[in-house]
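A.B. asks: A single structure is presented below for examination.
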Amino acid sequence: MRCARHRGVGWSGVVIALVALAVSGCSRSPRDQAKKALESLHSWAVSTHMVGERWMEGDVPDAYASKALQSFGKKVRKERGKIASGKLPNDMKQFLAAGFDSTARSADSLLSIIDKREKSATADILKQLAAQARAADSVKERLGAE
Amino acid sequence: MKKLLQLTLGIVTSIGGFLEVGSIASSSQAGASFAYQLIWPIVLGTIVLIFLVEMSGRLAAVSKLTVSGAMRDRFGFDYFVVPLATLSIVIYLVLAAEVGGAAFALQLVTGISYRWWAVPVALFAWFLLWKGPFALVERWVPLFGLVTLVFIVGAVKLGPDWSAVAHGLVPTRPSHDKAHYWFLVVNILGATIAPYLMYFYSSGAVEGKWDESYLNINRFIAVLGMSFGGLLAIAVLVSSAAVFYPAGVKLEGYDQIALMLTGALGSWGFYLFAASLFIGCLGAILEIALAVAYMTSQGLGWRWGQDEEPRQVPRFVLVYTALLALAPWLIVLGISPLAVTSLSMALTAATLPVAIIPFIVLMNDPVYAGKHTNGWIGNVVVVFTIVMACILAVVTIPLQLLGGG
Amino acid sequence: MPGEPIPVEHLLSRKVLDPSGKSAGRIEEVRATPSEDALLVYQYDLGPAALLERLAVGLRAFSLLRKLGVGPEHRGRCVPWDKMDLSDPHQPRITCAREELHPIED
Amino acid sequence: MHIVRDLLDKQLIDVNWQHMGRIDGLTMDVPPGEQPRITTLCVGGTVLTRRLPGFVGRWASALVERYGVRRGVPFRIPWSKVMRVDRVIRVDVNSDESGAMASSHWVRDHIIDRIPGA
């Protein structure tokens with residue numbers, strides 16, 4: 001018997017209920033927003049640090065390192081822009097803004113170092129990035145404890 | 001002897017052809033965000049894939065029909081057009097993601113932006129199909145795909161906490177980022193259970209003139225080939241979890257993912273990652289383009305066959321040529337390849353029932369599967385997983401678009 | 001207008017009404033005996049009209065569900081050719097009451 | 001013989017075992033008072049698009065009629081030409097000469113042959 005042609009089976013109602021439930025469950029409170037932004041700052045600082053470190057050890061070609069640092073710089077500045085519009089307390093906004101700015105600056109200086117190929121200068125920039133990542137972590141801990 | 005060669009080649013090609021942009025991206029993101037917690041969808045997806053690949057090979061061996069040919073026969077055109085249409089749209093996005101992956105691999109090595117590499121990649125893939133025999137796509141490209149074994153070396157060298165890896169096999173609920181967790185589950189299932197593999201595999205079996213004596217080979221290829229392939233995806237997840245999770249890095253681009261193996265394997269790790277991404281994606285581009293050409297031609301009754309001269313199978317050739325001509329433009333526009341990948345994998349998961357339920361009905365119909373119809377385990381596992389994947393996808397896609405990934 | 005050749009594929013899934021306007025089912029199959037230069041249609045098989053019933057029949061294809069006896073045994077009805085009025089192909093009608101049709105013995 | 005199960009949508013093979021499309025439709029003559037007779041098999045894009053429901057069907061058939069190689073006229077095969085009805089249907093027609101492959105030949109001549117190294 002040819003299979004009966006059945007389309008538009010009636011469980012679309014079930015699916016809509018699921019969507020409503022899921023969306024309501026994840027509203028973005030300011031605390032969550034701050035936590036997310038701190039995690040993002042930490043992630044970008046560590047990523048920039050990784051690229052610099054691998055380049056210094058000669059594991060990655062210059063072409064990749066500069067391309068990656070350029071794209072990280074752009075994304076960090078974009079995140080920096082989003083901070084202003086977020087519903088965050090002022091001191092948090094300042095910390096995040098400063099953090100993103102310093103990460104972007106570190107990325108740019110790494111870029112110029114790669115162009116000039118003087119590997120010796122990378123060490124202290126990597127230290128700054130590591131410090132930035134740790135700072136973001138400690139603020140997140142304090143935030144979590146409140 | 002010929003059968004033994006076919007068996008080994010079958011297994012080797014399914015290993016080499018397993019990892020593509022979807023599994024690399026979803027497994028590495030899962031490892032970076034949730035450590036070893038997301039190994040279970042890879043295992044579940046691989047089990048379902050084993051069933052589906054075994055079924056499509058069995059259908060070809062028993063009925064000498066390909067999946068889409070049999071679907072058109074059994075359900076008629078006005079039902080067949082639904083999977084054909086939905087799959088063509090979703091698979092276009094998957095193809096764009098694969099082109100993006102291959103183009104990005106070239107950017108990693110050359111520094112020239114991936115947006116410039118998209119068209120050359122599509123052109124190169126088209127040239128391989130236009131000039132190359134079927135064996136090239138089914139044998140040679142996946143053989144190079146064995147370079148993806150580097151992830152196994154990397155994972156072992158990074159020395160993960162193996163008991164935590166074992167815990168990842170058991171489905172657990174996420175402690176944080178619930179929406180992102182379930183979106184990654186959908187991504188992994190969509191990347192692993194790729195419907196185009198069924199159309200490609202069954203067409204290869206029909207073109208290779210399989211008959212019922214091939215049933216055992218088919219079972220071995222499906223089980224060994226796919227499970228080893230699944231192991232590769234787990235290796236990607238494990239390497240990413242060992243490197244990115246403790247460092248707190250959230251993966252938002254392939255330039256971050258490229259660093260995964262550099263710690264453990266130095267510059268070898270970097271270049272072999274780029275090679276794996278390129279070859280994995282190239283293999284997938286060829287398979288997808290052919291799969292759509294097979295599906296359309298078999299469904300509409302045209303002459304088809306990759307071993308035929310293009311002039312003998314003009315409309316079959318036109319389908320993959322048109323698809324490859326359209327493929328690169330999303331990437332040239334500069335849309336992030338990782339974003340295209342995530343969306344295409346989630347949409348694949350969302351449309352799994354449309355692509356697979358008719359196939360399950362076919363495999364339970366003695367007219368097509370002869371006396372080798374499905375066991376009830378196969379039916380239950382596959383139907384349960386794809387319905388779950390579909391509901392999860394429909395729930396998480398809006399969330400992910402709202403949540404900004 | 002009558003006598004116009006009808007595309008068989010358009011008859012499929014068309015709901016068939018009996019003289020009292022009640023639905024007798026949807027055309028699912030046409031049976032014919034092959035002869036030298038044509039196929040002589042002798043019977044039309046009607047499948048379940050209601051969507052839920054069609055879904056259940058469809059699901060019976062799963063060997064597991066058939067073993068468990070889930071879903072109705074297919075109770076389609078068959079219409080001899082002379083009892084089917086196709087003057088208006090978009091709305092096929094049967095000339096006898098729905099109850100008079102006997103079930104399909106397949 | 002079951003028309004839908006055994007004929008409709010089945011693959012057509014010509015005299016020299018070449019694919020020549022699928023049975024996209026069948027035409028039935030219904031002389032008043034006489035037994036209906038299915039006389040021809042139809043192959044072609046227009047037959048398919050007319051089977052699509054709603055506006056998609058209408059839009060697609062209009063497209064095929066205007067741009068179709070055969071301007072929307074399907075290729076018809078009389079039932080007498082059918083040689084064998086099996087999993088595929090073999091017909092006593094030479095597809096390459098018979099116009100059944102019109103759109104395939106059009107694609108070959110206008111697109112495939114224009115690509116270098118065809």
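Residue numbering restarts at 1 for every chain of the structure tokens, chains are lettered A, B, ... in their displayed order, and ligands are numbered from 1 as they appear.
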I want to know what sits within 7 Å of range 3-19 of chain C, based on only C-alpha atoms, with residues of the same chain fewer than 3 positions away left out; could you give that as a ChimeraX atom specification?
C.D. replies: /C:22-28,89,91-98 /D:25-32,51
A.B. asks: Show me, as a PyMOL selection string, the residues that have an atom within 9 Å of range 79-81 of chain C when counting only C-alpha atoms, minus same-chain residues fewer than 3 positions from it.
C.D. replies: (chain C and resi 41-46+84-85+94+101-102) or (chain D and resi 35-36)
A.B. asks: May I have the residues from that selection written out with C-alpha atoms, as a compact mmCIF listing (two decimals), in the first residue's frame?
C.D. replies:
```
# COMPACT_ATOMS: atom_id res chain seq x y z
CA VAL C 41 -9.41 0.52 -15.58
CA TYR C 42 -11.67 -1.78 -13.55
CA GLN C 43 -11.45 -0.42 -9.99
CA TYR C 44 -10.44 2.55 -7.83
CA ASP C 45 -9.13 1.99 -4.26
CA LEU C 46 -10.06 4.62 -1.69
CA MET C 84 -17.30 6.26 -10.28
CA ASP C 85 -18.53 9.48 -11.94
CA ILE C 94 -19.62 7.62 -6.54
CA LEU C 101 -18.69 -0.42 -1.19
CA HIS C 102 -16.86 -3.53 -0.04
CA GLN D 35 -14.65 1.38 -19.27
CA PRO D 36 -11.97 4.10 -18.77
```
A.B. asks: Show me, as a Markdown table, the residues of chain B having an atom within 8 Å of chain A, each with the closest atom pair and its distance in Å, using only C-alpha atoms.
C.D. replies:
```
| residue | atom | partner | partner_atom | distance |
| --- | --- | --- | --- | --- |
| B:Arg74 | CA | A:Arg2 | CA | 6.7 |
| B:Phe75 | CA | A:Cys3 | CA | 6.4 |
| B:Tyr79 | CA | A:Arg5 | CA | 6.9 |
| B:Gln107 | CA | A:Tyr64 | CA | 7.5 |
| B:Leu108 | CA | A:Tyr64 | CA | 5.3 |
| B:Val109 | CA | A:Tyr64 | CA | 6.6 |
| B:Thr110 | CA | A:Ala63 | CA | 6.3 |
| B:Gly111 | CA | A:Ala63 | CA | 4.5 |
| B:Ala179 | CA | A:Cys26 | CA | 8.0 |
| B:Ala247 | CA | A:Val46 | CA | 6.9 |
| B:Gly248 | CA | A:Ser43 | CA | 5.7 |
| B:Val249 | CA | A:Ser43 | CA | 4.3 |
| B:Lys250 | CA | A:Ser43 | CA | 5.8 |
| B:Asp255 | CA | A:Ala68 | CA | 5.9 |
| B:Gln256 | CA | A:Ser47 | CA | 6.9 |
| B:Leu259 | CA | A:Val51 | CA | 7.6 |
| B:Thr262 | CA | A:Asp59 | CA | 6.3 |
| B:Gly263 | CA | A:Arg54 | CA | 7.7 |
| B:Gly266 | CA | A:Asp59 | CA | 5.0 |
| B:Ser267 | CA | A:Asp59 | CA | 4.0 |
| B:Trp268 | CA | A:Asp59 | CA | 7.8 |
| B:Phe270 | CA | A:Val60 | CA | 6.5 |
| B:Ile391 | CA | A:Val15 | CA | 6.7 |
| B:Val394 | CA | A:Val15 | CA | 7.3 |
| B:Val395 | CA | A:Val19 | CA | 5.0 |
| B:Thr396 | CA | A:Val19 | CA | 7.9 |
| B:Leu399 | CA | A:Val23 | CA | 6.5 |
```
A.B. asks: Find the spatial neighbours of Arg31 in chain A, counting only C-alpha atoms, within a cut-off of 9 Å - ignore same-chain residues fewer than 5 positions away - and output them as a ChimeraX atom specification.
C.D. replies: /A:36,88,143-144
A.B. asks: Name the residues of chain D that fall into strand (DSSP E or B) according to DSSP on the backbone, using the chain letters and numbers of this document, as a PyMOL selection string.
C.D. replies: chain D and resi 2+11-13+19-22+25-29+37-43+75-78+82-85+89-91
A.B. asks: Hey, can you check how far CA of Ser276 in chain B sits from CA of Val147 in chain B?
C.D. replies: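 Computed distance, CA of Ser276 in chain B to CA of Val147 in chain B, equals 5.8 Å.
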A.B. asks: Smallest atom-to-atom distance to chain B: which of D:Lys81, D:Ile115, D:Val107, D:Val56, using only C-alpha atoms?
C.D. replies: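 Selected residue with least distance to chain B: D:Val107.
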A.B. asks: What is the distance between CA of Gln37 in chain B and CA of Ile152 in chain B, in Å to one decimal?
C.D. replies: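 Separation between CA of Gln37 in chain B and CA of Ile152 in chain B: 18.4 Å.
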A.B. asks: Excluding range 319-324 of chain B and any residue of its chain fewer than 4 positions from it, enumerate the residues within 6 Å of it, using only C-alpha atoms, and give them as a ChimeraX atom specification.
C.D. replies: /B:122,289,293
A.B. asks: Write out as a list of chain:residue names each polymer residue whose atoms come within 9 Å of Thr49 in chain D, counting only C-alpha atoms; drop sequence neighbours fewer than 4 positions from it.
C.D. replies: D:Gly44, D:Gly45, D:Pro53, D:Val56, D:Gly57, D:Arg58, D:Trp59, D:Ala60, D:Ser61, D:Ala62, D:Val64
A.B. asks: Suppose we keep N, CA and C atoms; can you now write the selection as a JSON list (two decimals), in the first residue's frame?
C.D. replies:
```json
[["chain", "number", "residue", "atom", "x", "y", "z"],
["D", 44, "GLY", "N", 7.91, 14.61, -18.39],
["D", 44, "GLY", "CA", 8.31, 16.00, -18.66],
["D", 44, "GLY", "C", 8.06, 16.91, -17.48],
["D", 45, "GLY", "N", 8.77, 18.01, -17.49],
["D", 45, "GLY", "CA", 8.72, 18.96, -16.38],
["D", 45, "GLY", "C", 7.32, 19.50, -16.16],
["D", 53, "PRO", "N", 1.13, 21.18, -5.44],
["D", 53, "PRO", "CA", -0.09, 21.83, -4.94],
["D", 53, "PRO", "C", 0.03, 23.35, -4.92],
["D", 56, "VAL", "N", 2.66, 27.18, -5.72],
["D", 56, "VAL", "CA", 3.98, 26.71, -6.17],
["D", 56, "VAL", "C", 3.80, 26.01, -7.52],
["D", 57, "GLY", "N", 2.74, 25.17, -7.58],
["D", 57, "GLY", "CA", 2.49, 24.41, -8.81],
["D", 57, "GLY", "C", 2.22, 25.35, -9.97],
["D", 58, "ARG", "N", 1.32, 26.30, -9.72],
["D", 58, "ARG", "CA", 0.94, 27.21, -10.83],
["D", 58, "ARG", "C", 2.15, 28.00, -11.29],
["D", 59, "TRP", "N", 2.91, 28.50, -10.31],
["D", 59, "TRP", "CA", 4.07, 29.36, -10.65],
["D", 59, "TRP", "C", 5.09, 28.55, -11.44],
["D", 60, "ALA", "N", 5.35, 27.29, -10.95],
["D", 60, "ALA", "CA", 6.39, 26.48, -11.60],
["D", 60, "ALA", "C", 5.93, 26.08, -13.01],
["D", 61, "SER", "N", 4.62, 25.72, -13.16],
["D", 61, "SER", "CA", 4.20, 25.30, -14.51],
["D", 61, "SER", "C", 4.28, 26.47, -15.48],
["D", 62, "ALA", "N", 3.94, 27.68, -14.98],
["D", 62, "ALA", "CA", 4.03, 28.83, -15.90],
["D", 62, "ALA", "C", 5.48, 28.99, -16.35],
["D", 64, "VAL", "N", 7.82, 26.70, -16.58],
["D", 64, "VAL", "CA", 8.25, 25.64, -17.51],
["D", 64, "VAL", "C", 7.64, 25.89, -18.88]]
```
A.B. asks: Pick out the residues sitting within 6 Å of Arg90 in chain D, and hand them over as a PyMOL selection string; count only C-alpha atoms, and ignore anything fewer than 5 positions along from it in its own chain.
C.D. replies: chain D and resi 12-14+83-84
A.B. asks: The selected residues should be written to file as a short mmCIF file (atom, residue, chain, number, x, y, z; two decimals), in the first residue's frame (atoms: C-alpha atoms).
C.D. replies:
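In the end it all went to selection.cif:
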```cif
data_model
loop_
_atom_site.label_atom_id
_atom_site.label_comp_id
_atom_site.auth_asym_id
_atom_site.auth_seq_id
_atom_site.Cartn_x
_atom_site.Cartn_y
_atom_site.Cartn_z
CA LEU D 12 11.83 4.61 -17.76
CA ILE D 13 14.50 2.75 -19.75
CA ASP D 14 14.65 2.98 -23.53
CA MET D 83 7.88 -3.71 -23.53
CA ARG D 84 8.37 -4.73 -19.90
#
```
A.B. asks: Please provide as a list of chain:residue names all residues within 8 Å of Ala84 in chain A, with the sequence filter that same-chain residues fewer than 3 positions apart are discarded (counting only C-alpha atoms).
C.D. replies: A:Arg80, A:Gly81, A:Lys93
A.B. asks: Next, write the just-selected residues to a file, as a PDB file, in the first residue's frame, keeping C-alpha atoms as the atom set.
C.D. replies:
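Just written: again-v1.pdb:
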```pdb
ATOM      1  CA  ARG A  80      34.460  47.596  23.719  1.00  0.00           C
ATOM      2  CA  GLY A  81      31.697  49.410  21.818  1.00  0.00           C
ATOM      3  CA  LYS A  93      31.994  49.704  32.729  1.00  0.00           C
TER       4      LYS A  93
END
```
A.B. asks: Taking only C-alpha atoms into account, what are the residues of chain D at most 6 Å from chain B, put as a PyMOL selection string?
C.D. replies: chain D and resi 9-11+19+21-22+108
A.B. asks: Return the neighbours of chain C among the residues of chain B, cut-off 9 Å, counting only C-alpha atoms, as an MDAnalysis selection string.
C.D. replies: chainID B and resid 360:365 373:376 379:380
A.B. asks: Write the residues of the preceding selection, restricted to N, CA, C and O atoms, as a PDB file, in the first residue's frame.
C.D. replies:
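Output file selection-v5.pdb follows:
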```
ATOM      1  N   ILE B 360      13.519   5.531   6.567  1.00  0.00           N
ATOM      2  CA  ILE B 360      13.250   4.464   7.542  1.00  0.00           C
ATOM      3  C   ILE B 360      12.049   3.637   7.069  1.00  0.00           C
ATOM      4  O   ILE B 360      12.068   2.399   7.098  1.00  0.00           O
ATOM      5  N   VAL B 361      11.014   4.324   6.569  1.00  0.00           N
ATOM      6  CA  VAL B 361       9.822   3.587   6.095  1.00  0.00           C
ATOM      7  C   VAL B 361      10.237   2.663   4.950  1.00  0.00           C
ATOM      8  O   VAL B 361       9.852   1.502   4.876  1.00  0.00           O
ATOM      9  N   LEU B 362      11.107   3.170   4.090  1.00  0.00           N
ATOM     10  CA  LEU B 362      11.602   2.360   2.962  1.00  0.00           C
ATOM     11  C   LEU B 362      12.293   1.091   3.450  1.00  0.00           C
ATOM     12  O   LEU B 362      12.055  -0.007   2.934  1.00  0.00           O
ATOM     13  N   MET B 363      13.113   1.247   4.484  1.00  0.00           N
ATOM     14  CA  MET B 363      13.927   0.101   4.931  1.00  0.00           C
ATOM     15  C   MET B 363      13.069  -0.919   5.676  1.00  0.00           C
ATOM     16  O   MET B 363      13.533  -1.973   6.039  1.00  0.00           O
ATOM     17  N   ASN B 364      11.816  -0.559   5.960  1.00  0.00           N
ATOM     18  CA  ASN B 364      10.916  -1.535   6.592  1.00  0.00           C
ATOM     19  C   ASN B 364       9.960  -2.143   5.578  1.00  0.00           C
ATOM     20  O   ASN B 364       9.052  -2.869   5.937  1.00  0.00           O
ATOM     21  N   ASP B 365      10.193  -1.808   4.293  1.00  0.00           N
ATOM     22  CA  ASP B 365       9.261  -2.275   3.260  1.00  0.00           C
ATOM     23  C   ASP B 365       9.936  -3.402   2.486  1.00  0.00           C
ATOM     24  O   ASP B 365      10.932  -3.172   1.796  1.00  0.00           O
ATOM     25  N   THR B 373      14.941  -6.409   5.929  1.00  0.00           N
ATOM     26  CA  THR B 373      14.358  -5.168   6.459  1.00  0.00           C
ATOM     27  C   THR B 373      15.003  -4.851   7.808  1.00  0.00           C
ATOM     28  O   THR B 373      15.704  -5.679   8.373  1.00  0.00           O
ATOM     29  N   ASN B 374      14.708  -3.636   8.298  1.00  0.00           N
ATOM     30  CA  ASN B 374      15.378  -3.166   9.520  1.00  0.00           C
ATOM     31  C   ASN B 374      15.006  -3.982  10.742  1.00  0.00           C
ATOM     32  O   ASN B 374      13.862  -4.398  10.889  1.00  0.00           O
ATOM     33  N   GLY B 375      15.976  -4.120  11.652  1.00  0.00           N
ATOM     34  CA  GLY B 375      15.657  -4.642  12.985  1.00  0.00           C
ATOM     35  C   GLY B 375      15.017  -3.504  13.766  1.00  0.00           C
ATOM     36  O   GLY B 375      15.186  -2.339  13.431  1.00  0.00           O
ATOM     37  N   TRP B 376      14.266  -3.837  14.877  1.00  0.00           N
ATOM     38  CA  TRP B 376      13.556  -2.751  15.568  1.00  0.00           C
ATOM     39  C   TRP B 376      14.527  -1.823  16.288  1.00  0.00           C
ATOM     40  O   TRP B 376      14.279  -0.652  16.470  1.00  0.00           O
ATOM     41  N   ASN B 379      15.478   0.979  13.943  1.00  0.00           N
ATOM     42  CA  ASN B 379      14.360   1.932  13.777  1.00  0.00           C
ATOM     43  C   ASN B 379      14.271   2.866  14.980  1.00  0.00           C
ATOM     44  O   ASN B 379      14.216   4.084  14.841  1.00  0.00           O
ATOM     45  N   VAL B 380      14.265   2.273  16.189  1.00  0.00           N
ATOM     46  CA  VAL B 380      14.027   3.086  17.398  1.00  0.00           C
ATOM     47  C   VAL B 380      15.155   4.091  17.588  1.00  0.00           C
ATOM     48  O   VAL B 380      14.929   5.294  17.749  1.00  0.00           O
TER      49      VAL B 380
END
```
A.B. asks: Within 10 Å of chain A, which residues of chain D show up when using only C-alpha atoms, listed as a PyMOL selection string?
C.D. replies: chain D and resi 2+4-5
